[in-house]
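Reviewing the structure listed below.
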Amino acid sequence: MYSVVGCNGCSNLWIVDGRPETTRCPRCGKHRTFEKLKKFVETDDEDHAREVRASMLANRQGHGEAFAELDSFAEMDSQADEAGMDDDEFLDRSGVDSEEVTEAANRDARRSTSTSKKQVVLDALTTLDRPTEGEVVGYAGERGVSSEYVETALAKLARRGEISESRGRYRRI
């Protein structure tokens, strides 16, 4: 249920969804009990509530006749989706090759979804049960991470206190 309600303090009109106990005027911030508010329209259709509010605002400003000539909100929504140019046409008209932009975005998406080298080392420590450095190197190597990186990463992670090493075996803390 949608209600078009008005504020008796600042004359603002707004739409309330449902039947809350209280509501606050978005303009002046005054709290009011919902039941005490003036309800101009109560409807199950949000678009209808939006149209009534817009019509009331247009009439207040002396533009009621111009508003009456407009299409419904639903119709204007569908027209807005079809109006203008799409992203590719905009880029092409701006002198940018839209195909190159798409390829760059795809490259970036592939890169951002790949796991970082550090995360591969941390995953090895989580997946393997108290692994040795060699086991972590093997796990990471299968995922394209060099043994030099693993050795350096294990030392740094241990210094930072993110992992511990005891008798040649590592674990996450």
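In the structure tokens, chains take the letters A, B, ... in the order shown, each chain's residues start at 1, and ligands count up from 1 in the order shown.
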
*With a distance cut-off of 9 Å and only C-alpha atoms, select the neighbouring residues of Cys10 of chain A, excluding the residue or stretch itself and same-chain residues fewer than 6 positions from it, and output the selection as a PyMOL selection string.*
chain A and resi 25+27-28

*Tell me which protein, DNA and RNA residues are within 10 Å of segment 141-144 of chain A, counting only C-alpha atoms, leaving out same-chain ones fewer than 2 positions away, and put them as a ChimeraX atom specification.*
/A:115,117,120-121,135-139,146-147,150

Suppose we keep C-alpha atoms; can you now write the selection as a PDB file, in the first residue's frame?
```pdb
ATOM      1  CA  THR A 115      43.996 -14.868  -7.110  1.00  0.00           C
ATOM      2  CA  LYS A 117      50.233 -14.562  -5.205  1.00  0.00           C
ATOM      3  CA  VAL A 120      47.732 -18.419  -3.043  1.00  0.00           C
ATOM      4  CA  VAL A 121      50.305 -18.773  -0.241  1.00  0.00           C
ATOM      5  CA  GLU A 135      54.560 -28.359   0.381  1.00  0.00           C
ATOM      6  CA  VAL A 136      53.570 -24.683   0.189  1.00  0.00           C
ATOM      7  CA  VAL A 137      56.015 -24.197  -2.710  1.00  0.00           C
ATOM      8  CA  GLY A 138      54.466 -27.189  -4.499  1.00  0.00           C
ATOM      9  CA  TYR A 139      50.901 -25.953  -3.931  1.00  0.00           C
ATOM     10  CA  SER A 146      57.383 -19.017  -8.045  1.00  0.00           C
ATOM     11  CA  SER A 147      59.262 -20.695  -5.202  1.00  0.00           C
ATOM     12  CA  VAL A 150      56.725 -18.262  -1.625  1.00  0.00           C
TER      13      VAL A 150
END
```

_Could you go through segment 7-105 of chain A and tell me which residues DSSP, when run on the backbone, assigns to helix (DSSP H, G or I), listing them as a PyMOL selection string?_
chain A and resi 34-36+46-60+64-68+73-82+87-93+98-105

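Nearest residue to Leu125 of chain A among A:Met85, A:Ile173, A:Val101, A:Val145 is A:Ile173, counting only C-alpha atoms.
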
If you take only C-alpha atoms and a cut-off of 8 Å, which residues of segment 35-133 of chain A touch segment 160-171 of chain A, and what are their nearest atom pairs and distances in Å to one decimal, in chain and number order, as CSV?
```
residue,atom,partner,partner_atom,distance
A:Leu125,CA,A:Arg171,CA,5.7
A:Thr126,CA,A:Arg171,CA,7.4
A:Asp129,CA,A:Arg171,CA,7.9
A:Arg130,CA,A:Tyr170,CA,5.3
A:Pro131,CA,A:Arg169,CA,5.4
A:Thr132,CA,A:Arg169,CA,4.5
A:Glu133,CA,A:Gly168,CA,7.0
```

Kindly save the residues from that selection, with N, CA, C and O atoms included, as a tab-separated table (two decimals), in the first residue's frame.
```
chain	number	residue	atom	x	y	z
A	125	LEU	N	48.30	-22.49	3.12
A	125	LEU	CA	48.38	-22.69	4.57
A	125	LEU	C	47.03	-23.09	5.16
A	125	LEU	O	46.98	-23.80	6.16
A	126	THR	N	45.96	-22.65	4.55
A	126	THR	CA	44.63	-23.00	5.02
A	126	THR	C	44.24	-24.40	4.55
A	126	THR	O	43.67	-25.19	5.31
A	129	ASP	N	47.38	-29.27	5.77
A	129	ASP	CA	47.46	-29.42	7.22
A	129	ASP	C	48.90	-29.25	7.68
A	129	ASP	O	49.74	-30.13	7.44
A	130	ARG	N	49.20	-28.09	8.33
A	130	ARG	CA	50.53	-27.77	8.83
A	130	ARG	C	51.61	-28.13	7.81
A	130	ARG	O	52.48	-28.98	8.06
A	131	PRO	N	51.59	-27.46	6.64
A	131	PRO	CA	52.53	-27.82	5.57
A	131	PRO	C	53.95	-27.35	5.85
A	131	PRO	O	54.19	-26.41	6.59
A	132	THR	N	54.86	-28.00	5.20
A	132	THR	CA	56.26	-27.56	5.21
A	132	THR	C	56.41	-26.51	4.12
A	132	THR	O	55.52	-26.32	3.28
A	133	GLU	N	57.57	-25.87	4.10
A	133	GLU	CA	57.83	-24.87	3.06
A	133	GLU	C	57.76	-25.53	1.68
A	133	GLU	O	57.20	-24.97	0.74
```

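Taking only segment 11-168 of chain A, the residues that DSSP calls strand (DSSP E) from the backbone come to Leu13, Trp14, Ile15, Val16, Asp17, Thr22, Thr23, Arg24, His31, Arg32, Thr33, Lys38, Lys39, Phe40, Val41, Glu42, Thr43, Ile163, Ser164, Glu165 and Ser166 of chain A.
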
_Show me, as a list in words, the residues that have an atom within 12 Å of segment 50-67 of chain A when counting only C-alpha atoms, minus same-chain residues fewer than 4 positions from it._
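Result of the neighbour search: Tyr2, Ser3, Val4, Val5, Gly6, Ser11, Asn12, Leu13, Trp14, Ile15, Val16, Asp17, Lys39, Phe40, Val41, Glu42, Thr43, Asp44, Asp45, Glu46, Asp71, Ser72, Phe73, Ala74, Glu75 and Met76 of chain A.
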
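Shortest atom-to-atom contact with Met1 of chain A among A:Leu91, A:Ala153, A:Leu122, A:Ala49: A:Ala49, counting only C-alpha atoms.
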
*For atom CA of Tyr149 of chain A and atom CA of Arg172 of chain A, determine how far apart the two atoms are, in Å to one decimal place.*
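Here the two named atoms are 17.7 Å from each other.
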